[in-house]
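S.K.: My structure file start.txt, compact mmCIF, C-alpha atoms, is below:
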```
# COMPACT_ATOMS: atom_id res chain seq x y z
CA MET H 205 122.05 131.13 111.19
CA THR H 206 118.44 130.03 110.93
CA PRO H 207 116.26 131.48 113.71
CA LEU H 208 115.28 128.69 116.12
CA ARG H 209 111.60 129.53 115.86
CA VAL H 210 111.69 129.10 112.08
CA SER H 211 113.23 125.63 112.53
CA ILE H 212 110.60 124.61 115.07
CA ALA H 213 107.69 125.92 112.98
CA ALA H 214 109.02 124.22 109.83
CA ALA H 215 109.51 120.92 111.68
CA ILE H 216 105.97 121.02 113.07
CA ALA H 217 104.57 121.79 109.63
CA SER H 218 106.49 118.85 108.10
CA VAL H 219 105.28 116.45 110.78
CA LEU H 220 101.70 117.65 110.23
CA LEU H 221 102.05 117.05 106.50
CA LEU H 222 103.31 113.51 107.15
CA LEU H 223 100.48 112.77 109.58
CA VAL H 224 97.80 114.08 107.20
CA VAL H 225 99.20 112.03 104.31
CA PHE H 226 99.34 108.90 106.48
CA GLU H 227 95.75 109.38 107.64
CA LEU H 228 94.60 109.87 104.03
CA ILE H 229 96.22 106.58 103.02
CA ARG H 230 94.80 104.79 106.04
CA SER H 231 91.28 105.95 105.34
CA ARG H 232 91.64 104.90 101.66
CA ARG H 233 91.31 108.42 100.30
CA LEU H 234 94.86 108.37 98.92
CA ARG H 235 96.64 105.49 97.22
CA GLU H 236 100.24 104.70 98.19
CA ARG H 237 101.29 105.25 94.60
CA TYR H 238 100.27 108.90 94.76
CA ALA H 239 101.40 109.41 98.34
CA LEU H 240 105.08 108.53 97.94
CA LEU H 241 106.06 111.96 96.57
CA TRP H 242 104.19 113.70 99.38
CA LEU H 243 105.88 111.52 101.99
CA LEU H 244 109.27 112.28 100.42
CA THR H 245 108.43 116.00 100.55
CA GLY H 246 107.55 115.75 104.23
CA VAL H 247 110.68 113.78 105.12
CA VAL H 248 113.07 116.08 103.22
CA LEU H 249 111.53 119.24 104.73
CA LEU H 250 111.62 117.68 108.19
CA VAL H 251 115.31 116.78 107.84
CA LEU H 252 116.19 120.25 106.54
CA SER H 253 114.33 122.01 109.31
CA LEU H 254 115.87 119.95 112.11
CA TRP H 255 119.40 119.78 110.70
CA ARG H 256 120.18 123.45 111.14
CA GLY H 257 123.90 123.22 110.35
CA GLY H 258 123.16 121.40 107.12
CA LEU H 259 120.67 124.06 106.05
CA ASN H 260 123.39 126.72 106.55
CA THR H 261 125.90 124.73 104.52
CA ILE H 262 123.46 124.19 101.66
CA ALA H 263 122.51 127.90 101.74
CA GLY H 264 126.25 128.66 101.48
CA TRP H 265 126.56 126.51 98.33
CA PHE H 266 123.91 128.63 96.65
CA GLY H 267 125.42 131.91 97.86
CA ILE H 268 122.61 132.66 100.29
CA SER H 269 124.35 134.15 103.32
CA GLY H 270 121.64 136.45 104.67
CA TYR H 271 118.73 134.15 105.29
CA PRO H 272 119.33 130.35 105.18
CA PRO H 273 115.62 129.37 105.60
CA ALA H 274 115.13 130.57 102.01
CA ILE H 275 116.41 127.08 101.15
CA LEU H 276 113.31 125.64 102.85
CA PHE H 277 111.12 127.69 100.52
CA ALA H 278 113.18 126.69 97.48
CA VAL H 279 113.02 122.98 98.35
CA GLY H 280 109.32 123.23 99.17
CA ILE H 281 108.58 124.88 95.83
CA LEU H 282 110.70 122.32 93.98
CA PHE H 283 108.72 119.46 95.48
CA ILE H 284 105.39 121.16 94.77
CA LEU H 285 106.46 121.46 91.13
CA LEU H 286 107.39 117.77 91.08
CA VAL H 287 104.05 116.74 92.57
CA LEU H 288 102.18 118.91 90.06
CA LEU H 289 104.14 117.50 87.14
CA HIS H 290 103.47 113.99 88.41
CA TYR H 291 99.76 114.78 88.63
CA SER H 292 99.76 116.13 85.09
CA THR H 293 101.01 112.78 83.85
CA VAL H 294 98.45 110.99 86.01
CA ILE H 295 95.61 113.14 84.67
CA SER H 296 96.75 112.52 81.11
CA ARG H 297 96.68 108.77 81.68
CA LEU H 298 93.26 108.95 83.34
CA SER H 299 91.82 110.99 80.48
CA ASP H 300 93.17 108.48 77.93
CA GLN H 301 91.63 105.66 79.93
CA SER H 302 88.25 107.35 80.30
CA THR H 303 88.18 107.86 76.51
CA ILE H 304 88.77 104.14 76.02
CA LEU H 305 86.09 103.29 78.60
CA ALA H 306 83.51 105.57 76.97
CA GLN H 307 84.24 104.05 73.56
CA ARG H 308 84.02 100.48 74.87
CA LEU H 309 80.76 101.27 76.65
CA ALA H 310 79.20 102.86 73.56
CA LEU H 311 80.22 99.94 71.35
CA LEU H 312 78.86 97.40 73.87
CA GLU H 313 75.60 99.34 74.17
CA GLU H 314 75.16 99.31 70.42
CA ARG H 315 75.86 95.59 70.27
CA PHE H 316 73.47 94.95 73.17
CA ARG H 317 70.61 96.92 71.57
CA ALA H 318 71.13 95.18 68.25
CA SER H 319 70.92 91.76 69.87
CA GLU H 320 67.86 92.77 71.91
CA ASP H 321 65.92 94.07 68.91
CA PRO H 322 67.13 92.40 65.71
CA GLY H 323 64.24 93.79 63.64
CA ASN H 324 65.41 97.31 64.17
CA ARG H 325 68.86 96.57 62.82
CA GLN H 326 70.10 98.85 60.10
CA ARG H 327 69.42 97.32 56.72
CA VAL H 328 71.66 97.74 53.75
CA PRO H 329 69.46 98.93 50.85
CA MET C 184 81.68 62.77 79.59
CA THR C 185 83.51 65.24 81.78
CA GLU C 186 82.79 63.07 84.83
CA VAL C 187 84.37 60.05 83.16
CA LEU C 188 87.40 62.14 82.29
CA GLU C 189 87.60 63.51 85.84
CA ALA C 190 87.39 60.06 87.37
CA ALA C 191 89.99 58.77 84.94
CA SER C 192 92.40 61.61 85.62
CA GLY C 193 92.17 60.97 89.36
CA VAL C 194 90.67 64.32 90.33
CA ASP C 195 90.10 64.52 94.09
CA ALA C 196 86.51 63.50 94.92
CA ARG C 197 86.12 66.49 97.26
CA LEU C 198 87.15 68.79 94.41
CA ARG C 199 84.80 67.10 91.93
CA ALA C 200 81.84 67.99 94.13
CA LEU C 201 82.64 71.71 93.92
CA LYS C 202 82.17 74.42 91.33
CA ARG C 203 85.75 75.42 90.67
CA VAL C 204 87.58 77.95 88.55
CA ALA C 205 91.16 78.80 87.67
CA ILE C 206 91.92 82.51 87.40
CA VAL C 207 94.74 83.15 84.95
CA PRO C 208 95.95 86.76 84.82
CA ALA C 209 97.90 87.34 81.62
CA PHE C 210 99.58 90.36 80.09
CA ASN C 211 101.18 89.74 76.68
CA GLU C 212 101.58 86.01 77.25
CA GLU C 213 100.40 84.63 73.89
CA ALA C 214 103.34 82.22 73.86
CA ALA C 215 102.77 80.78 77.33
CA VAL C 216 99.04 80.98 78.00
CA THR C 217 98.05 78.04 75.75
CA ARG C 218 100.28 75.63 77.65
CA VAL C 219 99.02 76.89 81.02
CA ILE C 220 95.41 76.25 79.98
CA GLU C 221 96.25 72.78 78.63
CA GLU C 222 98.06 71.89 81.85
CA LEU C 223 95.09 73.13 83.91
CA ARG C 224 92.80 70.87 81.86
CA ALA C 225 95.21 67.98 82.36
CA PHE C 226 95.10 68.53 86.12
CA ASP C 227 91.30 68.70 86.21
CA PRO C 228 89.11 68.55 83.08
CA GLY C 229 86.14 69.94 85.05
CA LEU C 230 87.98 73.09 86.04
CA ASP C 231 86.59 76.27 84.48
CA VAL C 232 89.36 78.53 83.25
CA VAL C 233 88.99 82.30 83.10
CA VAL C 234 91.86 84.21 81.55
CA VAL C 235 91.98 87.86 82.58
CA ASP C 236 93.68 89.60 79.70
CA ASP C 237 95.15 92.73 81.27
CA GLY C 238 95.10 94.93 78.17
CA SER C 239 97.54 92.80 76.16
CA THR C 240 98.73 94.14 72.82
CA ASP C 241 99.49 90.68 71.46
CA ARG C 242 97.14 87.77 70.72
CA THR C 243 96.80 86.52 74.33
CA ALA C 244 92.96 86.72 74.28
CA GLU C 245 92.64 84.91 70.93
CA ALA C 246 95.06 82.17 72.02
CA ALA C 247 93.12 81.65 75.27
CA ARG C 248 89.73 81.58 73.49
CA ALA C 249 91.07 79.06 70.98
CA CYS C 250 91.77 76.74 73.95
CA GLY C 251 88.18 77.10 75.13
CA ALA C 252 88.89 79.32 78.13
CA SER C 253 86.57 82.16 79.12
CA VAL C 254 88.36 85.43 78.50
CA VAL C 255 87.72 88.64 80.39
CA ARG C 256 89.45 91.37 78.47
CA LEU C 257 90.31 94.56 80.33
CA PRO C 258 90.12 97.65 78.13
CA PHE C 259 93.53 98.82 79.35
CA ASN C 260 96.29 97.58 81.61
CA LEU C 261 95.22 97.66 85.25
CA GLY C 262 98.31 95.95 86.62
CA ILE C 263 98.40 92.55 88.30
CA GLY C 264 96.32 93.61 91.32
CA GLY C 265 93.42 94.89 89.24
CA ALA C 266 93.59 91.89 86.92
CA VAL C 267 93.55 89.34 89.74
CA GLN C 268 90.68 91.13 91.48
CA THR C 269 88.72 91.00 88.21
CA GLY C 270 89.18 87.22 88.28
CA PHE C 271 87.95 86.95 91.88
CA ARG C 272 84.94 89.14 91.02
CA TYR C 273 84.16 86.76 88.16
CA ALA C 274 84.46 83.80 90.54
CA TRP C 275 82.22 85.50 93.11
CA GLU C 276 79.52 86.56 90.64
CA HIS C 277 79.41 83.15 88.96
CA GLY C 278 79.05 81.41 92.30
CA PHE C 279 82.24 79.36 92.30
CA ASP C 280 83.06 77.48 95.51
CA VAL C 281 86.81 77.35 94.98
CA ALA C 282 89.15 79.51 92.92
CA VAL C 283 92.82 79.00 92.18
CA ARG C 284 95.09 81.65 90.74
CA VAL C 285 97.67 80.45 88.25
CA ASP C 286 99.73 83.08 86.44
CA GLY C 287 99.62 83.16 82.66
CA ASP C 288 103.41 83.27 82.29
CA GLY C 289 103.75 79.58 83.13
CA GLN C 290 105.83 79.91 86.31
CA HIS C 291 103.11 78.22 88.37
CA ASP C 292 102.96 74.52 87.54
CA PRO C 293 99.29 73.38 87.44
CA SER C 294 100.33 69.83 88.37
CA GLU C 295 101.16 71.25 91.84
CA LEU C 296 97.57 72.45 92.29
CA GLY C 297 96.65 69.33 94.28
CA ALA C 298 99.04 70.42 97.04
CA VAL C 299 97.88 74.05 96.95
CA LEU C 300 94.22 73.03 97.09
CA GLU C 301 94.63 70.47 99.88
CA PRO C 302 94.33 72.83 102.92
CA VAL C 303 91.26 74.50 101.36
CA LEU C 304 89.55 71.18 100.54
CA ALA C 305 90.33 69.89 104.04
CA ASP C 306 88.81 73.12 105.41
CA GLU C 307 92.03 73.92 107.26
CA ALA C 308 92.48 77.25 105.49
CA ASP C 309 90.42 79.81 103.60
CA ILE C 310 93.41 80.73 101.48
CA ALA C 311 96.38 78.50 100.69
CA VAL C 312 99.52 79.85 99.05
CA GLY C 313 102.26 77.92 97.27
CA SER C 314 105.67 78.83 98.65
CA ARG C 315 108.99 78.34 96.87
CA PHE C 316 110.91 78.56 100.09
CA ILE C 317 109.60 75.70 102.20
CA GLY C 318 111.96 72.87 101.47
CA GLY C 319 111.22 72.97 97.74
CA GLU C 320 113.66 73.09 94.90
CA GLY C 321 113.42 74.49 91.41
CA TYR C 322 113.37 78.12 90.33
CA ARG C 323 113.89 80.51 93.22
CA SER C 324 114.74 83.70 91.29
CA SER C 325 117.85 85.90 91.52
CA THR C 326 119.88 86.59 94.67
CA ALA C 327 118.89 90.26 94.91
CA ARG C 328 115.24 89.38 94.57
CA ARG C 329 115.54 86.62 97.15
CA VAL C 330 117.02 89.07 99.67
CA GLY C 331 114.08 91.39 99.04
CA ILE C 332 111.61 88.53 99.46
CA ARG C 333 113.31 87.42 102.70
CA LEU C 334 113.02 90.96 104.08
CA LEU C 335 109.34 91.15 103.15
CA ALA C 336 108.76 87.68 104.57
CA TRP C 337 110.28 88.80 107.86
CA ILE C 338 108.13 91.95 108.05
CA VAL C 339 104.92 90.15 107.06
CA SER C 340 105.60 87.27 109.50
CA ALA C 341 106.19 89.73 112.35
CA LEU C 342 103.03 91.71 111.56
CA THR C 343 100.76 88.70 111.14
CA ARG C 344 102.40 86.66 113.92
CA GLN C 345 102.46 83.71 111.57
CA ARG C 346 105.31 82.19 109.57
CA VAL C 347 105.17 83.46 106.01
CA THR C 348 108.04 82.40 103.77
CA ASP C 349 106.95 83.55 100.31
CA PRO C 350 104.90 86.75 100.62
CA THR C 351 105.22 87.51 96.90
CA SER C 352 103.72 84.23 95.70
CA GLY C 353 100.59 84.51 93.58
CA PHE C 354 100.09 80.72 93.34
CA GLN C 355 97.05 80.35 95.57
CA ALA C 356 93.71 78.69 96.21
CA ALA C 357 90.73 80.28 97.96
CA ASN C 358 87.36 79.07 99.20
CA ARG C 359 84.17 81.13 99.05
CA LEU C 360 85.27 83.31 101.99
CA GLY C 361 88.61 84.03 100.34
CA ILE C 362 86.94 84.73 97.00
CA ARG C 363 84.57 87.16 98.70
CA LEU C 364 87.37 89.07 100.42
CA PHE C 365 89.53 89.36 97.30
CA ALA C 366 86.54 90.27 95.12
CA ALA C 367 85.67 93.12 97.51
CA ASP C 368 89.20 94.37 98.05
CA TYR C 369 92.52 93.52 96.50
CA PRO C 370 95.61 95.73 96.68
CA HIS C 371 96.96 97.58 93.64
CA ASP C 372 100.37 97.49 91.98
CA TYR C 373 102.29 94.68 93.72
CA PRO C 374 99.54 93.07 95.73
CA GLU C 375 100.57 89.74 97.26
CA ALA C 376 102.42 90.85 100.42
CA GLU C 377 99.77 93.42 101.27
CA ALA C 378 97.02 90.86 100.57
CA THR C 379 98.62 88.56 103.15
CA VAL C 380 98.34 91.24 105.83
CA MET C 381 94.76 91.96 104.68
CA VAL C 382 93.79 88.30 105.06
CA PHE C 383 95.20 88.38 108.59
CA LYS C 384 93.28 91.58 109.40
CA HIS C 385 90.03 89.99 108.24
CA ARG C 386 90.80 86.95 110.40
CA LEU C 387 90.70 84.50 107.54
CA ARG C 388 92.82 81.37 107.82
CA MET C 389 95.84 81.33 105.58
CA THR C 390 98.50 78.69 105.16
CA GLU C 391 101.51 78.03 102.95
CA VAL C 392 102.34 74.80 101.18
CA PRO C 393 105.66 73.93 99.53
CA VAL C 394 105.65 74.08 95.72
CA THR C 395 108.23 74.14 92.98
CA MET C 396 108.07 77.07 90.59
CA ARG C 397 109.44 77.32 87.10
CA ALA C 398 111.41 80.11 85.49
CA ARG C 399 109.27 82.00 83.01
CA GLU C 400 109.63 80.70 79.48
CA SER C 401 108.87 83.88 77.60
CA GLY C 402 107.83 87.46 78.19
CA ARG C 403 109.34 89.62 80.93
CA SER C 404 108.77 90.01 84.62
CA SER C 405 106.89 93.20 85.39
CA ILE C 406 109.56 94.03 87.98
CA THR C 407 112.65 95.61 86.41
CA ALA C 408 115.76 96.83 88.27
CA VAL C 409 114.62 100.46 88.48
CA ARG C 410 111.16 99.50 89.63
CA SER C 411 112.43 97.26 92.40
CA VAL C 412 113.26 100.29 94.59
CA TYR C 413 109.75 101.65 94.07
CA TYR C 414 108.50 98.12 94.67
CA MET C 415 110.14 97.76 98.10
CA VAL C 416 109.18 101.25 99.30
CA LYS C 417 105.61 100.88 98.10
CA VAL C 418 105.11 97.39 99.46
CA VAL C 419 106.63 98.10 102.88
CA LEU C 420 104.54 101.27 103.19
CA ALA C 421 101.44 99.41 102.04
CA ILE C 422 101.78 96.53 104.48
CA PHE C 423 102.28 98.90 107.41
CA VAL C 424 99.30 100.99 106.39
CA ALA C 425 97.22 97.86 105.80
CA LEU C 426 97.52 97.09 109.51
CA PHE C 427 95.92 100.38 110.50
CA ARG C 428 93.41 100.52 107.70
CA ARG C 429 89.74 99.91 108.32
CA ARG C 430 88.33 96.74 106.87
CA ALA C 431 86.84 96.56 103.43
CA VAL C 432 83.07 96.37 103.17
CA PRO C 433 82.29 92.76 102.26
CA LEU C 434 80.25 91.94 99.18
CA GLU C 435 76.76 90.60 99.62
```
I need this file expressed as structure tokens, please.
M.R.:
Amino acid sequence: MTPLRVSIAAAIASVLLLLVVFELIRSRRLRERYALLWLLTGVVLLVLSLWRGGLNTIAGWFGISGYPPAILFAVGILFILLVLLHYSTVISRLSDQSTILAQRLALLEERFRASEDPGNRQRVP
Amino acid sequence: MTEVLEAASGVDARLRALKRVAIVPAFNEEAAVTRVIEELRAFDPGLDVVVVDDGSTDRTAEAARACGASVVRLPFNLGIGGAVQTGFRYAWEHGFDVAVRVDGDGQHDPSELGAVLEPVLADEADIAVGSRFIGGEGYRSSTARRVGIRLLAWIVSALTRQRVTDPTSGFQAANRLGIRLFAADYPHDYPEAEATVMVFKHRLRMTEVPVTMRARESGRSSITAVRSVYYMVKVVLAIFVALFRRRAVPLE
């Protein structure tokens, strides 16, 4: 059985995570779109830490008889991996978009300069 | 010339006195956008039309330019929230008194604009929204979607202490105050319900008017079956957070 103190500590940590995420959204430092996975992490960890019988059962399925809270670590790590993978896709999209922005800006700047100073335009020999 | 046309087409005298613009967000709507612009011109020949092309991969921008609309082309897809905000920024920076938003897919019927504009012209509201669910008939979307809309309507009504029947409607008119708020801050992803709560938080006057909407003629809705779960979770979270969020800094 999971030690009571482990359950309490894990529950407090999950609630803290949820509160921090909520405050970050509220203060506009985190967009809902990127907060959903964090909120899910917090809720799942909270449920697993409070539902002590369930944690034992799940530990049993995976053949962990000695120390059921190991499931909390496993689930925590799984969610961290998911969040990281999600962020990798987000970063990829952002880097594609910043490439497009830089290109658009450079092209506009060239067009702007050419229209400002027509005499300096490249001449075809 | 335009004035003669306006008088002939029976454009409201209060509207004629104002600098007015129609914001048309469009993503891959080359088939529908031409008709929307023509119908806007038929409603009011003096209405400026700005099409916000949200990174379309088809000929939406060319089609809109061929009809004489101004086109603001986003370098990549920002989603409806970012596109609409771009339109309100345009309206704010160009000093328009009134802006209407009419979607580029053709589901908002420009001939209904008189009704949507009425509360704004009468100075009874800063933002007026066309609702499918007050008495009206016509296209009201699928059953599943209607249940979702009813649920959102209930939450938004409770939070704003005001009856809101169609919190997902993007068929709206705004005066200078409304333009300023939406130019400064407009929600991302699926913005309308959250925007309603935002308007309430900023103590702007908002009202709904009955309109009939049409089913889209071409293209696809951005909300597919899989996304609808994300949609509900995101929107419900967003409207709750919007209540506790500090206000946006207004534009000068």
S.K.: Please report as a list in words which residues of chain H come no farther than 10 Å from chain C, using all atoms listed in the file.
M.R.: Phe226, Glu227, Ile229, Arg230, Ser231, Arg232, Arg235, Glu236, Arg237, Ala239, Leu240, Asp300, Gln301, Ile304, Leu305, Gln307 and Arg308 of chain H
S.K.: Tell me, as a list of chain:residue names, which residues lie within 9 Å of H:Phe283, counting only C-alpha atoms; anything in the same chain fewer than 2 positions away does not count.
M.R.: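 Here the qualifying residues turn out to be H:Leu241, H:Trp242, H:Leu244, H:Thr245, H:Ala278, H:Val279, H:Gly280, H:Ile281, H:Leu285, H:Leu286, H:Val287, H:Leu288.
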S.K.: Using only C-alpha atoms, which residue out of H:Ile216, H:Ala310, H:Ala318, H:Leu250 lies closest to H:Leu276?
M.R.: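 Distance minimum relative to H:Leu276 lands on H:Leu250.
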S.K.: Can you tell me how far atom CA of C:Phe365 sits from atom CA of C:Ala209, in Å to one decimal?
M.R.: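 Atom CA of C:Ala209 lies at a distance of 17.9 Å from atom CA of C:Phe365.
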S.K.: Need the shell around stretch 262-273 of chain H: protein/DNA/RNA residues with any atom at most 9 Å away, counting all atoms listed in the file. Skip same-chain ones fewer than 3 positions apart. Format as a list in words?
M.R.: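 Within the cut-off, the hits are Met205, Thr206, Pro207, Val210, Ser211, Ser253, Gly257, Gly258, Leu259, Leu276, Phe277 and Ala278 of chain H.
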S.K.: Of the candidates C:Gly251, C:Gly238, C:Gly265, C:Pro293, which one gets nearest to C:Ala366 if we count only C-alpha atoms?
M.R.: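 The closest residue to C:Ala366 is C:Gly265.
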S.K.: For the point (102.4, 84.2, 94.8) in file coordinates, what residues are within 12 Å, counting all atoms listed in the file? Give the answer as a VMD selection string?
M.R.: chain C and resid 263 to 264 267 283 to 286 290 to 291 299 310 to 316 332 347 to 356 373 to 379 391 to 396
S.K.: Using Å and a single decimal, report how far atom CA of C:Asp309 sits from atom CA of C:Val330.
M.R.: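 Result for atom CA of C:Val330 versus atom CA of C:Asp309: 28.4 Å, one decimal.
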S.K.: Distance atom CA of C:Ser325-atom CA of C:Gly289, one decimal place?
M.R.: 17.6 Å
S.K.: Between C:Asp236, C:Glu213, C:Glu245, C:Glu221, which residue has the minimum interatomic distance to C:Thr269, considering all atoms listed in the file?
M.R.: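 Of C:Asp236, C:Glu213, C:Glu245, C:Glu221, the one nearest C:Thr269, counting all atoms listed in the file, is C:Asp236.
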